[in-house]
Amino acid sequence: MAQVVCVGIATLDTILLVSSLPTPDGHVRVRERAVAGGGPAATAAVTLARLGVEAAFVGAVGDDDAGETIRTGMTEEGVDVREVRVVPGAVLPQSTVLVEEPTGARAIVHHPGTMPPLELTPSARALARRATWVHADQVGYPAIRRLDAQISLDGGNPIEDLDLGGVALYAPTEAELKRCFGGVDEALAAGAGAVVVTRGERGSSGATRDGARFEAAGVPVDAVSTLGAGDVFHGALLAALVRGASLPDALVTANRVAALSCRGLDGRSAIPTLQELERSAA
């Protein structure tokens, strides 16, 4: 049984490392190229599996080569993909990401794809109800908002009709928190059981309804790219909570895992295993 069920979007990204971002009509040479799966919920599921926590991904892909690449890649990571729907003729969201060396600045060209709105099958709902946590991104949220489960919500991207009632853990970026609610206290008042805010290289902070407030400093790392680091953070946070860590301690662990993931050009190749994480902490 999956301990965490991640619900949402899966993408396929092409990441290009360049010496500088191109100007209009400009030309740059690619120093390194990677093709990797992405998407907030999908990357969180891969992170959980790398850290030894049983994870399932619920989402949809097309019946083309890109869809098969996504499903095969997640299966090889140990993620349960039995509830990934294959939609005939549909096209996955795909992005080309240019990463500037050494600044890490990015330029993204995104194709939204043609996937239909995500809906949970009865078997997917049953899988989610049995899980310790259900983690959703902006695509997965409409499908799980009324689900009877302990819900973690990735708030890094805009979410339409967001209602924090019933959300046990709301995890936005600083910018999205400010745009949607103004601050942590307002998000808690809106119904969240706990709020965790990602702050990039400055680490993260957390707050709970009982008045507790805490911060975890960022972890220095020789970063190649920060692509997907927030998604990795969310998966690592839930992995720590599943293992019984307190929320403040889980923030520390999640910061470290997210920082280590920035060693790779894409958002997944450098996600540490549990053994690598333990060695880095030592």
# chains A, B, ... in the order shown; residues from 1 in each chain; ligands from 1
>>> residues_around(residues="stretch 244-249 of chain A", least_positions_apart="2", cutoff="8 Å", atoms="only C-alpha atoms", output="list of chain:residue names")
A:Gly206, A:Phe214, A:Glu215, A:Ala216, A:Ala240, A:Leu241, A:Val242, A:Leu251, A:Val252, A:Thr253
>>> residues_around(residues="A:His110", least_positions_apart="5", cutoff="12 Å", atoms="only C-alpha atoms", output="PyMOL selection string")
chain A and resi 11-15+92-98
>>> write_last_selection(atoms="N, CA and C atoms", output="short mmCIF file (atom, residue, chain, number, x, y, z; two decimals), in the first residue's frame")
data_model
loop_
_atom_site.label_atom_id
_atom_site.label_comp_id
_atom_site.auth_asym_id
_atom_site.auth_seq_id
_atom_site.Cartn_x
_atom_site.Cartn_y
_atom_site.Cartn_z
N THR A 11 4.96 15.98 -16.60
CA THR A 11 5.44 16.65 -17.80
C THR A 11 6.73 16.00 -18.28
N LEU A 12 7.13 16.36 -19.47
CA LEU A 12 8.43 15.93 -19.99
C LEU A 12 9.18 17.18 -20.41
N ASP A 13 10.35 17.39 -19.82
CA ASP A 13 11.10 18.63 -20.02
C ASP A 13 12.42 18.37 -20.73
N THR A 14 12.80 19.28 -21.59
CA THR A 14 14.14 19.30 -22.18
C THR A 14 14.87 20.48 -21.56
N ILE A 15 16.00 20.20 -20.92
CA ILE A 15 16.74 21.24 -20.21
C ILE A 15 18.08 21.44 -20.90
N LEU A 92 1.08 15.36 -23.65
CA LEU A 92 1.57 15.84 -22.36
C LEU A 92 2.02 17.30 -22.43
N PRO A 93 1.92 18.02 -21.31
CA PRO A 93 2.61 19.31 -21.24
C PRO A 93 4.12 19.08 -21.37
N GLN A 94 4.78 19.91 -22.14
CA GLN A 94 6.23 19.79 -22.32
C GLN A 94 6.86 21.17 -22.30
N SER A 95 8.06 21.26 -21.75
CA SER A 95 8.77 22.53 -21.67
C SER A 95 10.19 22.37 -22.15
N THR A 96 10.71 23.43 -22.74
CA THR A 96 12.13 23.55 -23.00
C THR A 96 12.66 24.62 -22.05
N VAL A 97 13.63 24.26 -21.23
CA VAL A 97 14.14 25.14 -20.19
C VAL A 97 15.60 25.46 -20.48
N LEU A 98 15.90 26.72 -20.62
CA LEU A 98 17.28 27.17 -20.80
C LEU A 98 17.81 27.64 -19.45
#
>>> closest_residue(among="A:Arg202, A:Gly166, A:Ala49, A:Val35", to="A:Leu16", atoms="only C-alpha atoms")
A:Val35
>>> residues_around(residues="A:Val232", least_positions_apart="2", cutoff="7 Å", atoms="only C-alpha atoms", output="number ranges by chain")
A: 43-44, 47, 228-230, 234-236, 258
>>> atom_distance(atom1="atom CA of A:Arg50", atom2="atom CA of A:Pro272")
6.7 Å
>>> residues_around(residues="A:Asp64", least_positions_apart="4", cutoff="10 Å", atoms="only C-alpha atoms", output="mmCIF file with N, CA and C atoms, in the first residue's frame")
data_model
loop_
_atom_site.group_PDB
_atom_site.id
_atom_site.type_symbol
_atom_site.label_atom_id
_atom_site.label_comp_id
_atom_site.auth_asym_id
_atom_site.auth_seq_id
_atom_site.Cartn_x
_atom_site.Cartn_y
_atom_site.Cartn_z
ATOM 1 N N GLU A 68 4.756 7.223 -22.631
ATOM 2 C CA GLU A 68 5.425 5.981 -22.262
ATOM 3 C C GLU A 68 6.720 6.261 -21.512
ATOM 4 N N THR A 69 7.445 7.300 -21.919
ATOM 5 C CA THR A 69 8.678 7.681 -21.221
ATOM 6 C C THR A 69 8.392 8.050 -19.772
ATOM 7 N N VAL A 86 -3.985 6.454 -19.397
ATOM 8 C CA VAL A 86 -3.450 6.716 -20.730
ATOM 9 C C VAL A 86 -4.594 7.212 -21.604
ATOM 10 N N VAL A 87 -4.473 8.462 -22.063
ATOM 11 C CA VAL A 87 -5.537 9.107 -22.836
ATOM 12 C C VAL A 87 -5.174 9.084 -24.315
ATOM 13 N N PRO A 88 -5.889 8.322 -25.134
ATOM 14 C CA PRO A 88 -5.561 8.241 -26.565
ATOM 15 C C PRO A 88 -5.591 9.615 -27.239
ATOM 16 N N GLY A 89 -4.533 9.918 -27.962
ATOM 17 C CA GLY A 89 -4.472 11.140 -28.734
ATOM 18 C C GLY A 89 -4.098 12.392 -27.965
ATOM 19 N N ALA A 90 -4.021 12.310 -26.646
ATOM 20 C CA ALA A 90 -3.696 13.488 -25.837
ATOM 21 C C ALA A 90 -2.183 13.712 -25.811
ATOM 22 N N VAL A 91 -1.790 14.966 -25.584
ATOM 23 C CA VAL A 91 -0.383 15.336 -25.576
ATOM 24 C C VAL A 91 -0.013 15.883 -24.200
ATOM 25 N N LEU A 92 1.076 15.365 -23.650
ATOM 26 C CA LEU A 92 1.573 15.837 -22.358
ATOM 27 C C LEU A 92 2.021 17.296 -22.426
#
>>> select_by_dssp(residues="stretch 148-249 of chain A", states="strand (DSSP E)", output="ChimeraX atom specification")
/A:151-155,167-172,194-198,204-208,213-216
>>> residues_around(residues="A:Ala187", least_positions_apart="5", cutoff="8 Å", atoms="only C-alpha atoms", output="MDAnalysis selection string")
chainID A and resid 164 177 181:182 192 195
>>> residues_around(residues="stretch 174-176 of chain A", least_positions_apart="6", cutoff="10 Å", atoms="only C-alpha atoms", output="JSON, numbers by chain")
{"A": [155, 156, 157, 158, 159, 182, 183, 184, 196, 197, 198, 199, 200, 204, 205]}
>>> write_last_selection(atoms="N, CA, C and O atoms", output="PDB file, in the first residue's frame")
ATOM      1  N   GLY A 155       1.312  24.586  -3.113  1.00  0.00           N
ATOM      2  CA  GLY A 155       0.744  25.871  -3.501  1.00  0.00           C
ATOM      3  C   GLY A 155       1.712  26.726  -4.282  1.00  0.00           C
ATOM      4  O   GLY A 155       1.603  27.953  -4.247  1.00  0.00           O
ATOM      5  N   GLY A 156       2.640  26.116  -4.989  1.00  0.00           N
ATOM      6  CA  GLY A 156       3.640  26.879  -5.720  1.00  0.00           C
ATOM      7  C   GLY A 156       3.129  27.514  -6.996  1.00  0.00           C
ATOM      8  O   GLY A 156       3.736  28.452  -7.513  1.00  0.00           O
ATOM      9  N   ASN A 157       2.003  27.005  -7.528  1.00  0.00           N
ATOM     10  CA  ASN A 157       1.400  27.549  -8.739  1.00  0.00           C
ATOM     11  C   ASN A 157      -0.027  28.002  -8.440  1.00  0.00           C
ATOM     12  O   ASN A 157      -0.665  27.495  -7.509  1.00  0.00           O
ATOM     13  N   PRO A 158      -0.543  28.953  -9.207  1.00  0.00           N
ATOM     14  CA  PRO A 158      -1.917  29.419  -8.970  1.00  0.00           C
ATOM     15  C   PRO A 158      -2.922  28.279  -9.022  1.00  0.00           C
ATOM     16  O   PRO A 158      -2.827  27.394  -9.885  1.00  0.00           O
ATOM     17  N   ILE A 159      -3.879  28.292  -8.096  1.00  0.00           N
ATOM     18  CA  ILE A 159      -4.916  27.268  -8.014  1.00  0.00           C
ATOM     19  C   ILE A 159      -6.265  27.963  -8.013  1.00  0.00           C
ATOM     20  O   ILE A 159      -6.550  28.787  -7.132  1.00  0.00           O
ATOM     21  N   GLY A 182      -2.108  36.757   1.727  1.00  0.00           N
ATOM     22  CA  GLY A 182      -1.458  37.870   2.396  1.00  0.00           C
ATOM     23  C   GLY A 182      -0.371  37.423   3.349  1.00  0.00           C
ATOM     24  O   GLY A 182       0.687  38.039   3.424  1.00  0.00           O
ATOM     25  N   GLY A 183      -0.622  36.356   4.108  1.00  0.00           N
ATOM     26  CA  GLY A 183       0.365  35.883   5.065  1.00  0.00           C
ATOM     27  C   GLY A 183      -0.027  34.552   5.669  1.00  0.00           C
ATOM     28  O   GLY A 183      -1.088  33.986   5.375  1.00  0.00           O
ATOM     29  N   VAL A 184       0.843  34.061   6.548  1.00  0.00           N
ATOM     30  CA  VAL A 184       0.635  32.751   7.170  1.00  0.00           C
ATOM     31  C   VAL A 184      -0.614  32.732   8.033  1.00  0.00           C
ATOM     32  O   VAL A 184      -1.415  31.781   7.980  1.00  0.00           O
ATOM     33  N   VAL A 196       3.522  25.624   5.393  1.00  0.00           N
ATOM     34  CA  VAL A 196       4.969  25.586   5.196  1.00  0.00           C
ATOM     35  C   VAL A 196       5.278  26.438   3.966  1.00  0.00           C
ATOM     36  O   VAL A 196       4.692  26.225   2.901  1.00  0.00           O
ATOM     37  N   VAL A 197       6.185  27.389   4.111  1.00  0.00           N
ATOM     38  CA  VAL A 197       6.495  28.331   3.047  1.00  0.00           C
ATOM     39  C   VAL A 197       7.907  28.080   2.539  1.00  0.00           C
ATOM     40  O   VAL A 197       8.863  28.088   3.329  1.00  0.00           O
ATOM     41  N   THR A 198       8.049  27.851   1.231  1.00  0.00           N
ATOM     42  CA  THR A 198       9.379  27.684   0.648  1.00  0.00           C
ATOM     43  C   THR A 198       9.929  29.054   0.251  1.00  0.00           C
ATOM     44  O   THR A 198       9.214  29.883  -0.307  1.00  0.00           O
ATOM     45  N   ARG A 199      11.238  29.259   0.525  1.00  0.00           N
ATOM     46  CA  ARG A 199      11.840  30.578   0.329  1.00  0.00           C
ATOM     47  C   ARG A 199      13.149  30.498  -0.455  1.00  0.00           C
ATOM     48  O   ARG A 199      14.045  31.305  -0.259  1.00  0.00           O
ATOM     49  N   GLY A 200      13.254  29.505  -1.324  1.00  0.00           N
ATOM     50  CA  GLY A 200      14.439  29.377  -2.157  1.00  0.00           C
ATOM     51  C   GLY A 200      15.679  29.113  -1.328  1.00  0.00           C
ATOM     52  O   GLY A 200      15.668  28.315  -0.380  1.00  0.00           O
ATOM     53  N   SER A 204      13.151  27.581   4.498  1.00  0.00           N
ATOM     54  CA  SER A 204      11.702  27.449   4.613  1.00  0.00           C
ATOM     55  C   SER A 204      11.255  27.834   6.014  1.00  0.00           C
ATOM     56  O   SER A 204      12.061  27.939   6.936  1.00  0.00           O
ATOM     57  N   SER A 205       9.953  28.054   6.155  1.00  0.00           N
ATOM     58  CA  SER A 205       9.380  28.369   7.455  1.00  0.00           C
ATOM     59  C   SER A 205       8.067  27.622   7.609  1.00  0.00           C
ATOM     60  O   SER A 205       7.477  27.175   6.619  1.00  0.00           O
TER      61      SER A 205
END
>>> select_by_dssp(residues="stretch 177-228 of chain A", states="alpha helix (DSSP H)", output="list in words")
Leu177, Lys178, Arg179, Cys180, Val184, Asp185, Glu186, Ala187, Leu188 and Ala189 of chain A
>>> closest_residue(among="A:Val81, A:Ile70, A:Ala168, A:Leu51", to="A:Leu277", atoms="only C-alpha atoms")
A:Leu51
>>> closest_residue(among="A:Val5, A:Leu188, A:Ala259, A:Leu21", to="A:Trp133", atoms="only C-alpha atoms")
A:Val5
